[in-house]
Every structure is written in structure tokens, then in C-alpha cells.
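Visitor: Submitted below is the structure of interest, expressed as C-alpha cells.
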Amino acid sequence: MNIVKKQVFTIGCICLLMTKIAYAQDINFVEKSFHTAAPLYDNLLLKTKGNFKDYPHSLYENGEIKYLQIDEWTGGFWPGILWYMYDFTKNEKWKKAALEWTHSLESNQYNTNHHDIGFMMYCSYGNAIKFVNNPKYEQILLQSAKSLVKRYSPTVGSIQSWNKRMSKGDINTWEFPVIMDNMMNLELLFYATKVSGDSSFKQVAIKHAEQTMKNHLRKDYSSYHVVNYDPKTGKVLHQQTLQGFSDESTWARGQAWGIYGFTTVYRETKDKRFLKTAMKMADFFISHPRLPSDKVPLWDFNVGQVGYRPDWQYDPAKDKETPRDASAAAIASSAMLELSTLVPAKQKSKYFDAAVSMLKTLSTSKYLNIDHENPYFLLKHSTGNLPSGREIDVPLIYADYYFLEALLRYKNIAEEK
Ligand code: GLY
């Protein structure tokens, strides 16, 4: 080796070493978070032992666990968390529990009552297929996708999220409501096309994403929560909200679902329109003037702002501080980590750095349940449905799920560097 080559080689080795040291220092927050999670989920496993009917969802004010039943939207997150614990630790106890809780959801493959089957089945069985080669799982996921597309209307070009119901404040009827969250169910459909060879699932997903892009987004890439369509004509009748502050505001978790959903659809289609949408929605989120400096959003970006009229009794004096939504930060950070792997090189660091900064905040004792403020959940300070007075400043099972997912995504990206 001549002298120049030797120098280049040495500099290369030093750079690699420095990257590894920086990574080793950085990865600590991932280890710390999984380490914090383990005893909490041990407690939750013990508490739920042998009862595969009640799915942990949140905490009541008195500290009791709030469970939801098999037909409600969050059943897949607990098995999903157990899969992520197994993924990180490779400890068989998590796998055993993950299998049991995943199997408990089997009958949900026929659930056509709402759009949430994607959340329920892809966060459970969709994770199981990464670790277990069981052809039955493919069939269960395929049947789940068949159930989901039963709610698709070619006239509307969308999957109906909820059945007919009244809007917030009983102002109008939603005949065919579609919510931003529905973008999260599309991954199941792309998977179904892959295993069955039937492209109709993928076509439904693409059409749904196109309609969402057209009707749920404003010019600045902020989002409406609910769009209500006329099922007979496909015409947009209303653009409103259920869980957000007001119809024209931007509900933080809805925006996060959008970033995540459009990133997934871009990964599966390589259609640049979806990439642009994911990036612009992320830009809105991370550069919003009301995003607090710790990067964990208020539950809605426009809470209490002039010009935003809520259809519910908003009492600004009720909260000393506007509640945050750590679940929105967890979802957005997981989404932006994947987004950072799909965007042109120049843009990578914008999304990667924003995601890591959120994850680091969530890993501090302000959000991470290091001191066991409650015995069961990992993240504090999420908000489920503030306008209905439910789940305000509490742990939520899906905040934990997307946080662990984001930590694993971060670890995988950092290890590849
Ligand atoms: N999909 C329901 C929620 O985000 O609260």
C-alpha cells in the first residue's frame, strides 16, 4: 500500500470508528426504552394472564386498566407490542405471549363492522408472519383483506370507515364517513395482493389513497379528519372532524396517520404523488409554529386559536396546559424514519433528524414511564378523544406500539450506516 492509500485507509477507519462510537452513544436511548418496557409488560402480561377477551387499551383516572373488546380497533396493538419485545430481546417468553395474543384475534378476520381490521390484524398477524412460517396466517390476513374491501364503494372510490352516524354536535348525518386514519389499513391490502396474486386489493388501496389525497388534504397539506361522501354519487358532502378541535383545524394524530399511510402507499407503489404527499404532510407537522420545542404535539395544532370554531363545549380554563399527544409523536416518528429511507438523499436528514429528536424526547422521564407512575404502560401523556372528554393525558396502547416500532426502525437504520 502506498502512503496516500494508507492515509485514505486510516482516515476511513477513523470515520467508521467515530460513526460506530456516535451510534453506540445514541443507541442507548433505544436500549433504555426497551429496558424500561420489559417490567411494565411483565406486569401487564400477569394482569391479563389467561384472559384473551380483554385487550389492554389505556388507564382510567383511578389507575385501573381500561380494556377494549375484540371487535374494537386497538386489539392488535398488544400482540404487536409483544412481537416488538421479542424482536428486540429474542427472549422466547415474549414470543410465546405474542403468539397467544395474536391467535386470540383469529375470529376478527370476518369483522366487517368498521375499517379498523387493518390495525387489528396487520399489527398482530402482520408482525407474526415476520417470525413464524405458518401458512394459516397468510389465509387469515387474506380473509381480513376480503372483509375490509367489503366496505369499499367504487362509486365513492373509498373504503367506508364507520357506519352511518351523526357528526360531532349532531349537526349533520354522515352517510359514508371516511377518516384519515383509514390510510393505515391499506398495508393489509397490498399484502393481500402479494400473497394471492389478485391485484384488486391493491387497486382498492390505490384508489382509496387517491381519494384521500384529493379530499382530506388542504392546500397546505394539513388534513381534515372526516370526509363524508354521498354514497349514491360519490360527491363530497362534508369535511369535518370527530376527534379534532374543529372542522378546519388539524388533529395531530390524524396528520400523523396521514404521514404514515402515504409513506406506506409510496413504498408499495413507487408512485411519486404519494411520496410528495407524505413529505408535505410531514413538513406541515415538523415545521408547524405551534409544535412545542420538545416536538411532542398539542393534541390538535389549532386548539383554542381564533378562527377555529369547535362543535363541542370547549373550556380553555379546564387545562392548565394544553394536553399533548405522545401517540401522534410516536406514529409520526415511526413514519418519518421510513420516509427518510425513501426520499432523495438531500432530504433524508430532515425527516430522520426530526424523528430521532421526537424519539429522544419520548425516551426522557417526562414521557417514558421510567419511575413506574403506572405499572403497565410505557409512554405517558397521550390524548385519545378530548372533545368527547375521553382519554386525556393518559397512556395509550398504540402510543407504546408505534414508539417501539420507531425504536426498532431507528436501530435498523443506524446499524446499516
Ligand atoms: N383511529 C382512532 C384514533 O386514532 O383515535
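Following the order of the C-alpha cells, first chain is A, next is B, and so on, with residues numbered from 1 inside each chain and ligands from 1 in the order they appear.
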Can you tell me which residues come within 10 Å of ligand 1 when counting only C-alpha atoms and all ligand atoms, ideally as a PyMOL selection string?

Guide: chain A and resi 73-74+115-116+119+161+179-182+184+225+242-244+251-254+256-257+327-328+383-385+391+396+398

Visitor: For the residues in the current selection, export C-alpha atoms as a short mmCIF file (atom, residue, chain, number, x, y, z; two decimals), in the first residue's frame.

Guide:
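After the write, result28.cif holds the following:
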```cif
data_model
loop_
_atom_site.label_atom_id
_atom_site.label_comp_id
_atom_site.auth_asym_id
_atom_site.auth_seq_id
_atom_site.Cartn_x
_atom_site.Cartn_y
_atom_site.Cartn_z
CA TRP A 73 -59.94 -1.04 16.96
CA THR A 74 -56.99 -1.47 19.32
CA HIS A 115 -62.48 -0.22 8.70
CA ASP A 116 -60.15 -0.98 11.62
CA PHE A 119 -54.99 -2.10 12.54
CA SER A 161 -64.57 3.93 7.81
CA ILE A 179 -61.38 9.23 8.12
CA MET A 180 -57.69 9.94 7.64
CA ASP A 181 -56.86 7.01 9.96
CA ASN A 182 -58.12 4.69 7.22
CA MET A 184 -53.36 2.83 8.00
CA HIS A 225 -60.21 14.18 9.94
CA LEU A 242 -64.75 13.95 15.28
CA GLN A 243 -61.63 13.90 17.46
CA GLY A 244 -60.05 17.18 16.40
CA TRP A 251 -55.88 16.99 14.63
CA ALA A 252 -52.31 15.92 15.43
CA ARG A 253 -52.86 12.17 15.30
CA GLY A 254 -54.81 12.44 12.06
CA ALA A 256 -49.54 11.53 11.81
CA TRP A 257 -51.74 8.76 10.38
CA SER A 327 -49.12 8.87 20.40
CA ALA A 328 -49.03 11.35 17.49
CA THR A 383 -54.75 12.02 24.20
CA GLY A 384 -57.40 9.74 22.71
CA ASN A 385 -60.55 11.80 22.23
CA GLU A 391 -58.55 9.56 27.44
CA LEU A 396 -52.49 4.59 25.22
CA TYR A 398 -51.00 2.39 20.40
#
```

Visitor: Per DSSP on the backbone, what are the helix (DSSP H, G or I) residues of stretch 75-106 of chain A, as a list in words?

Guide: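 Restricting stretch 75-106 of chain A to helix (DSSP H, G or I) produces Phe77, Trp78, Pro79, Gly80, Ile81, Leu82, Trp83, Tyr84, Met85, Tyr86, Asp87, Phe88, Thr89, Glu92, Lys93, Trp94, Lys95, Lys96, Ala97, Ala98, Leu99, Glu100, Trp101, Thr102, His103 and Glu106 of chain A.
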
Visitor: I need the chosen residues saved as a PDB file, in the first residue's frame, with C-alpha atoms.

Guide:
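Writing the result to result-v4.pdb gives the following:
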```pdb
ATOM      1  CA  PHE A  77     -51.517  -3.438  19.418  1.00  0.00           C
ATOM      2  CA  TRP A  78     -50.906  -5.581  22.488  1.00  0.00           C
ATOM      3  CA  PRO A  79     -49.847  -8.646  20.454  1.00  0.00           C
ATOM      4  CA  GLY A  80     -47.868  -6.262  18.223  1.00  0.00           C
ATOM      5  CA  ILE A  81     -46.006  -4.877  21.241  1.00  0.00           C
ATOM      6  CA  LEU A  82     -45.166  -8.411  22.331  1.00  0.00           C
ATOM      7  CA  TRP A  83     -43.756  -9.122  18.863  1.00  0.00           C
ATOM      8  CA  TYR A  84     -41.604  -5.977  19.073  1.00  0.00           C
ATOM      9  CA  MET A  85     -40.361  -7.026  22.520  1.00  0.00           C
ATOM     10  CA  TYR A  86     -39.441 -10.382  21.027  1.00  0.00           C
ATOM     11  CA  ASP A  87     -37.796  -8.733  18.038  1.00  0.00           C
ATOM     12  CA  PHE A  88     -35.541  -6.643  20.278  1.00  0.00           C
ATOM     13  CA  THR A  89     -34.754  -9.155  23.032  1.00  0.00           C
ATOM     14  CA  GLU A  92     -38.885 -16.663  23.962  1.00  0.00           C
ATOM     15  CA  LYS A  93     -41.285 -15.557  26.710  1.00  0.00           C
ATOM     16  CA  TRP A  94     -42.358 -12.593  24.576  1.00  0.00           C
ATOM     17  CA  LYS A  95     -42.812 -14.811  21.524  1.00  0.00           C
ATOM     18  CA  LYS A  96     -44.993 -17.262  23.458  1.00  0.00           C
ATOM     19  CA  ALA A  97     -47.217 -14.424  24.694  1.00  0.00           C
ATOM     20  CA  ALA A  98     -47.232 -12.752  21.263  1.00  0.00           C
ATOM     21  CA  LEU A  99     -48.449 -15.984  19.678  1.00  0.00           C
ATOM     22  CA  GLU A 100     -51.205 -16.456  22.246  1.00  0.00           C
ATOM     23  CA  TRP A 101     -52.479 -12.913  21.936  1.00  0.00           C
ATOM     24  CA  THR A 102     -52.212 -12.960  18.136  1.00  0.00           C
ATOM     25  CA  HIS A 103     -54.226 -16.187  17.948  1.00  0.00           C
ATOM     26  CA  GLU A 106     -58.436 -15.041  14.741  1.00  0.00           C
TER      27      GLU A 106
END
```

Visitor: Find the nearest atom pair between each residue of stretch 230-328 of chain A and stretch 351-361 of chain A for residues within 8 Å, count only C-alpha atoms, give distances in Å to one decimal, sort rows by chain and ascending number, and present the table as JSON lines.

Guide:
```
{"residue": "A:Ala282", "atom": "CA", "partner": "A:Tyr351", "partner_atom": "CA", "distance": 7.8}
{"residue": "A:Ile286", "atom": "CA", "partner": "A:Ala354", "partner_atom": "CA", "distance": 7.0}
{"residue": "A:Asp294", "atom": "CA", "partner": "A:Thr361", "partner_atom": "CA", "distance": 6.3}
{"residue": "A:Lys295", "atom": "CA", "partner": "A:Met358", "partner_atom": "CA", "distance": 5.6}
{"residue": "A:Val296", "atom": "CA", "partner": "A:Met358", "partner_atom": "CA", "distance": 6.6}
```

Visitor: Okay, now the selection with C-alpha atoms, as an mmCIF file, in the first residue's frame?

Guide:
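Saved the output as result.cif:
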```
data_model
loop_
_atom_site.group_PDB
_atom_site.id
_atom_site.type_symbol
_atom_site.label_atom_id
_atom_site.label_comp_id
_atom_site.auth_asym_id
_atom_site.auth_seq_id
_atom_site.Cartn_x
_atom_site.Cartn_y
_atom_site.Cartn_z
ATOM 1 C CA ALA A 282 -44.537 15.649 7.414
ATOM 2 C CA ILE A 286 -42.446 19.322 11.867
ATOM 3 C CA ASP A 294 -39.726 19.178 22.578
ATOM 4 C CA LYS A 295 -41.506 18.091 19.329
ATOM 5 C CA VAL A 296 -44.425 16.321 21.003
#
```

Visitor: Ranking A:Ile259, A:Ile117, A:Leu44, A:Ile397 by minimum distance to A:Leu275 and counting only C-alpha atoms, which one comes first?

Guide: A:Ile259

Visitor: Here is a test: counting only C-alpha atoms, which residue of A:Trp312, A:Tyr67, A:Tyr401, A:Phe262 is nearest to A:Leu217?

Guide: A:Phe262

Visitor: Looking at A:Glu187, A:Phe245, A:Asn113, A:Thr212, which one is nearest to A:Gln313, with distances taken over only C-alpha atoms?

Guide: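 Among A:Glu187, A:Phe245, A:Asn113, A:Thr212, it is A:Phe245 that comes nearest to A:Gln313.
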
Visitor: To one decimal in Å, tell me the separation between atom CA of A:Gly304 and atom CA of A:Pro316.

Guide: 7.1 Å

Visitor: Can you pull out every residue within 12 Å of A:Leu148, counting only C-alpha atoms, but drop anything in the same chain fewer than 2 positions away, and send it as a ChimeraX atom specification?

Guide: /A:108-122,141-146,150-153,158-162,182,185-189,192,201,204-205

Visitor: Per DSSP on the backbone, what are the strand (DSSP E) residues of stretch 217-406 of chain A, as a PyMOL selection string?

Guide: chain A and resi 226-229+236-240

Visitor: Residues within 10 Å of A:Asp230, please, as an MDAnalysis selection string. Count only C-alpha atoms; anything in the same chain fewer than 6 positions from it doesn't count.

Guide: chainID A and resid 155:156 174:177 236:238

Visitor: Create the file for the chosen residues now, containing N, CA, C and O atoms and written as a PDB file, in the first residue's frame.

Guide:
```pdb
ATOM      1  N   THR A 155     -68.263   3.669  -6.344  1.00  0.00           N
ATOM      2  CA  THR A 155     -68.856   4.985  -6.623  1.00  0.00           C
ATOM      3  C   THR A 155     -68.079   6.078  -5.891  1.00  0.00           C
ATOM      4  O   THR A 155     -67.781   7.139  -6.449  1.00  0.00           O
ATOM      5  N   VAL A 156     -67.749   5.801  -4.643  1.00  0.00           N
ATOM      6  CA  VAL A 156     -67.027   6.792  -3.831  1.00  0.00           C
ATOM      7  C   VAL A 156     -65.516   6.693  -4.072  1.00  0.00           C
ATOM      8  O   VAL A 156     -64.775   7.671  -3.939  1.00  0.00           O
ATOM      9  N   TRP A 174     -73.569  11.588   8.808  1.00  0.00           N
ATOM     10  CA  TRP A 174     -72.504  11.065   7.953  1.00  0.00           C
ATOM     11  C   TRP A 174     -72.995   9.736   7.363  1.00  0.00           C
ATOM     12  O   TRP A 174     -73.105   8.734   8.067  1.00  0.00           O
ATOM     13  N   GLU A 175     -73.282   9.776   6.066  1.00  0.00           N
ATOM     14  CA  GLU A 175     -73.790   8.572   5.382  1.00  0.00           C
ATOM     15  C   GLU A 175     -72.639   7.619   5.061  1.00  0.00           C
ATOM     16  O   GLU A 175     -72.754   6.414   5.166  1.00  0.00           O
ATOM     17  N   PHE A 176     -71.543   8.226   4.613  1.00  0.00           N
ATOM     18  CA  PHE A 176     -70.396   7.415   4.185  1.00  0.00           C
ATOM     19  C   PHE A 176     -69.126   8.128   4.662  1.00  0.00           C
ATOM     20  O   PHE A 176     -68.426   8.779   3.904  1.00  0.00           O
ATOM     21  N   PRO A 177     -68.851   8.041   5.992  1.00  0.00           N
ATOM     22  CA  PRO A 177     -67.679   8.752   6.512  1.00  0.00           C
ATOM     23  C   PRO A 177     -66.375   8.002   6.249  1.00  0.00           C
ATOM     24  O   PRO A 177     -66.304   6.781   6.418  1.00  0.00           O
ATOM     25  N   VAL A 236     -68.455  14.749  -2.436  1.00  0.00           N
ATOM     26  CA  VAL A 236     -68.075  15.132  -1.060  1.00  0.00           C
ATOM     27  C   VAL A 236     -69.183  15.995  -0.476  1.00  0.00           C
ATOM     28  O   VAL A 236     -69.542  17.032  -1.053  1.00  0.00           O
ATOM     29  N   LEU A 237     -69.729  15.586   0.659  1.00  0.00           N
ATOM     30  CA  LEU A 237     -70.795  16.368   1.297  1.00  0.00           C
ATOM     31  C   LEU A 237     -70.266  17.240   2.431  1.00  0.00           C
ATOM     32  O   LEU A 237     -70.706  18.363   2.609  1.00  0.00           O
ATOM     33  N   HIS A 238     -69.358  16.673   3.227  1.00  0.00           N
ATOM     34  CA  HIS A 238     -68.836  17.433   4.373  1.00  0.00           C
ATOM     35  C   HIS A 238     -67.374  17.100   4.609  1.00  0.00           C
ATOM     36  O   HIS A 238     -66.960  15.964   4.397  1.00  0.00           O
TER      37      HIS A 238
END
```

Visitor: So that I can check the surroundings of A:Lys53, please list as a VMD selection string every protein, DNA and RNA residue that reaches within 9 Å of it, counting only C-alpha atoms and ignoring chain neighbours fewer than 5 positions away.

Guide: chain A and resid 68 to 70 104

Visitor: Give me, as a ChimeraX atom specification, all polymer residues having an atom no more than 8 Å from stretch 135-138 of chain A, counting only C-alpha atoms and skipping those fewer than 4 positions away in the same chain.

Guide: /A:125,128-129,142,195

Visitor: Generate a file of the selected residues that holds N, CA and C atoms, formatted as a compact mmCIF listing (two decimals), in the first residue's frame.

Guide:
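Saved as result_6.txt:
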```txt
# COMPACT_ATOMS: atom_id res chain seq x y z
N TYR A 125 -51.15 -10.30 13.33
CA TYR A 125 -50.71 -11.34 12.37
C TYR A 125 -49.66 -10.79 11.39
N ALA A 128 -46.60 -11.27 13.16
CA ALA A 128 -46.33 -12.70 13.37
C ALA A 128 -45.64 -13.33 12.15
N ILE A 129 -46.08 -12.92 10.95
CA ILE A 129 -45.50 -13.55 9.74
C ILE A 129 -44.01 -13.25 9.56
N LEU A 142 -55.43 -12.75 4.45
CA LEU A 142 -56.15 -12.63 3.18
C LEU A 142 -57.65 -12.46 3.42
N VAL A 195 -49.76 -12.00 -1.64
CA VAL A 195 -49.90 -13.43 -1.36
C VAL A 195 -50.91 -14.12 -2.27
```

Visitor: Identify, on the basis of only C-alpha atoms, every residue whose closest approach to A:Phe377 does not exceed 10 Å; exclude the query and any residue fewer than 6 positions from it along the same chain; express the result as an MDAnalysis selection string.

Guide: chainID A and resid 36:37 39:41 43:44 56:59 65 368:369 394:397 399:400

Visitor: Please produce a file of those selected residues containing all heavy atoms, as a compact mmCIF listing (two decimals), in the first residue's frame.

Guide:
```txt
# COMPACT_ATOMS: atom_id res chain seq x y z
N THR A 36 -36.82 -0.28 30.00
CA THR A 36 -37.93 0.26 30.82
C THR A 36 -39.22 -0.50 30.54
O THR A 36 -40.03 -0.74 31.44
CB THR A 36 -38.14 1.76 30.51
OG1 THR A 36 -36.89 2.43 30.69
CG2 THR A 36 -39.19 2.39 31.40
N ALA A 37 -39.40 -0.87 29.27
CA ALA A 37 -40.65 -1.53 28.87
C ALA A 37 -40.82 -2.91 29.51
O ALA A 37 -41.93 -3.29 29.90
CB ALA A 37 -40.71 -1.65 27.35
N PRO A 39 -40.25 -4.69 32.41
CA PRO A 39 -41.01 -4.99 33.64
C PRO A 39 -42.47 -4.53 33.57
O PRO A 39 -43.35 -5.14 34.19
CB PRO A 39 -40.25 -4.23 34.73
CG PRO A 39 -39.39 -3.25 34.04
CD PRO A 39 -39.13 -3.77 32.66
N LEU A 40 -42.71 -3.45 32.82
CA LEU A 40 -44.09 -2.96 32.69
C LEU A 40 -44.94 -4.00 31.95
O LEU A 40 -46.05 -4.34 32.38
CB LEU A 40 -44.11 -1.63 31.93
CG LEU A 40 -43.38 -0.47 32.62
CD1 LEU A 40 -43.16 0.69 31.65
CD2 LEU A 40 -44.18 0.01 33.84
N TYR A 41 -44.40 -4.52 30.86
CA TYR A 41 -45.17 -5.51 30.09
C TYR A 41 -45.21 -6.86 30.80
O TYR A 41 -46.14 -7.64 30.59
CB TYR A 41 -44.63 -5.63 28.66
CG TYR A 41 -44.75 -4.33 27.88
CD1 TYR A 41 -43.79 -3.95 26.96
CD2 TYR A 41 -45.84 -3.48 28.08
CE1 TYR A 41 -43.90 -2.76 26.25
CE2 TYR A 41 -45.96 -2.30 27.39
CZ TYR A 41 -44.99 -1.93 26.47
OH TYR A 41 -45.12 -0.76 25.78
N ASN A 43 -45.72 -6.99 33.97
CA ASN A 43 -46.90 -6.74 34.83
C ASN A 43 -48.20 -6.89 34.05
O ASN A 43 -49.17 -7.47 34.53
CB ASN A 43 -46.86 -5.31 35.41
CG ASN A 43 -45.74 -5.13 36.40
OD1 ASN A 43 -45.20 -6.09 36.91
ND2 ASN A 43 -45.38 -3.87 36.67
N LEU A 44 -48.18 -6.33 32.83
CA LEU A 44 -49.41 -6.36 32.02
C LEU A 44 -49.75 -7.80 31.62
O LEU A 44 -50.92 -8.20 31.59
CB LEU A 44 -49.22 -5.45 30.80
CG LEU A 44 -50.46 -4.97 30.05
CD1 LEU A 44 -51.55 -4.46 30.97
CD2 LEU A 44 -50.08 -3.89 29.03
N PRO A 56 -55.82 -4.73 26.55
CA PRO A 56 -55.40 -3.50 27.24
C PRO A 56 -55.38 -2.32 26.28
O PRO A 56 -54.88 -2.44 25.16
CB PRO A 56 -53.98 -3.81 27.72
CG PRO A 56 -53.71 -5.23 27.39
CD PRO A 56 -54.81 -5.78 26.56
N HIS A 57 -55.95 -1.23 26.73
CA HIS A 57 -56.09 -0.06 25.85
C HIS A 57 -55.50 1.20 26.47
O HIS A 57 -54.79 1.95 25.82
CB HIS A 57 -57.59 0.13 25.54
CG HIS A 57 -57.91 1.37 24.77
ND1 HIS A 57 -57.80 1.44 23.39
CD2 HIS A 57 -58.33 2.59 25.18
CE1 HIS A 57 -58.13 2.67 23.00
NE2 HIS A 57 -58.45 3.38 24.06
N SER A 58 -55.84 1.43 27.79
CA SER A 58 -55.41 2.68 28.43
C SER A 58 -55.59 2.53 29.94
O SER A 58 -55.77 1.41 30.43
CB SER A 58 -56.25 3.83 27.88
OG SER A 58 -55.84 5.06 28.44
N LEU A 59 -55.56 3.65 30.64
CA LEU A 59 -55.82 3.64 32.08
C LEU A 59 -56.97 4.58 32.40
O LEU A 59 -57.06 5.67 31.81
CB LEU A 59 -54.60 4.13 32.85
CG LEU A 59 -53.38 3.21 32.99
CD1 LEU A 59 -52.30 3.93 33.79
CD2 LEU A 59 -53.74 1.89 33.65
N ILE A 65 -56.92 -0.53 34.64
CA ILE A 65 -56.70 -0.67 33.19
C ILE A 65 -58.03 -0.57 32.45
O ILE A 65 -59.03 -1.17 32.87
CB ILE A 65 -56.05 -2.03 32.86
CG1 ILE A 65 -54.68 -2.13 33.54
CG2 ILE A 65 -55.92 -2.21 31.35
CD1 ILE A 65 -53.99 -3.46 33.34
N LEU A 368 -41.41 8.91 29.18
CA LEU A 368 -41.17 7.48 29.39
C LEU A 368 -41.44 7.14 30.85
O LEU A 368 -40.98 7.85 31.75
CB LEU A 368 -39.71 7.16 29.02
CG LEU A 368 -39.39 5.69 28.80
CD1 LEU A 368 -39.95 5.20 27.47
CD2 LEU A 368 -37.86 5.47 28.80
N ASN A 369 -42.14 6.05 31.06
CA ASN A 369 -42.58 5.68 32.41
C ASN A 369 -41.45 5.01 33.20
O ASN A 369 -41.59 3.88 33.68
CB ASN A 369 -43.81 4.77 32.27
CG ASN A 369 -44.47 4.47 33.59
OD1 ASN A 369 -44.18 5.12 34.60
ND2 ASN A 369 -45.35 3.49 33.60
N VAL A 394 -53.16 10.51 29.07
CA VAL A 394 -53.09 9.15 29.61
C VAL A 394 -52.12 8.30 28.77
O VAL A 394 -51.75 8.70 27.67
CB VAL A 394 -54.49 8.47 29.55
CG1 VAL A 394 -55.45 9.07 30.56
CG2 VAL A 394 -55.06 8.54 28.12
N PRO A 395 -51.78 7.13 29.27
CA PRO A 395 -51.08 6.18 28.39
C PRO A 395 -52.09 5.57 27.40
O PRO A 395 -53.27 5.42 27.75
CB PRO A 395 -50.59 5.09 29.35
CG PRO A 395 -50.83 5.59 30.72
CD PRO A 395 -51.90 6.62 30.64
N LEU A 396 -51.64 5.26 26.21
CA LEU A 396 -52.49 4.59 25.22
C LEU A 396 -51.67 3.48 24.60
O LEU A 396 -50.50 3.69 24.24
CB LEU A 396 -52.95 5.57 24.14
CG LEU A 396 -54.00 6.61 24.54
CD1 LEU A 396 -54.14 7.69 23.49
CD2 LEU A 396 -55.36 5.92 24.79
N ILE A 397 -52.30 2.33 24.42
CA ILE A 397 -51.56 1.16 23.95
C ILE A 397 -50.90 1.40 22.59
O ILE A 397 -49.80 0.93 22.31
CB ILE A 397 -52.49 -0.10 23.91
CG1 ILE A 397 -51.71 -1.39 23.75
CG2 ILE A 397 -53.55 0.01 22.83
CD1 ILE A 397 -51.12 -1.93 25.01
N ALA A 399 -49.77 4.24 21.43
CA ALA A 399 -48.59 5.10 21.57
C ALA A 399 -47.37 4.22 21.83
O ALA A 399 -46.31 4.37 21.21
CB ALA A 399 -48.78 6.09 22.71
N ASP A 400 -47.54 3.24 22.73
CA ASP A 400 -46.45 2.31 23.04
C ASP A 400 -46.05 1.52 21.78
O ASP A 400 -44.86 1.35 21.49
CB ASP A 400 -46.88 1.31 24.12
CG ASP A 400 -46.92 1.93 25.52
OD1 ASP A 400 -46.91 3.17 25.62
OD2 ASP A 400 -46.97 1.17 26.50
```

Visitor: Just give me the gap between atom CA of A:Arg165 and atom CA of A:Lys207 in Å, one decimal is fine.

Guide: 23.9 Å

Visitor: Could you tell me which of A:Thr269, A:Ser382, A:Ser293, A:Ser223 comes closest to A:Ala330 if we count only C-alpha atoms?

Guide: A:Ser382
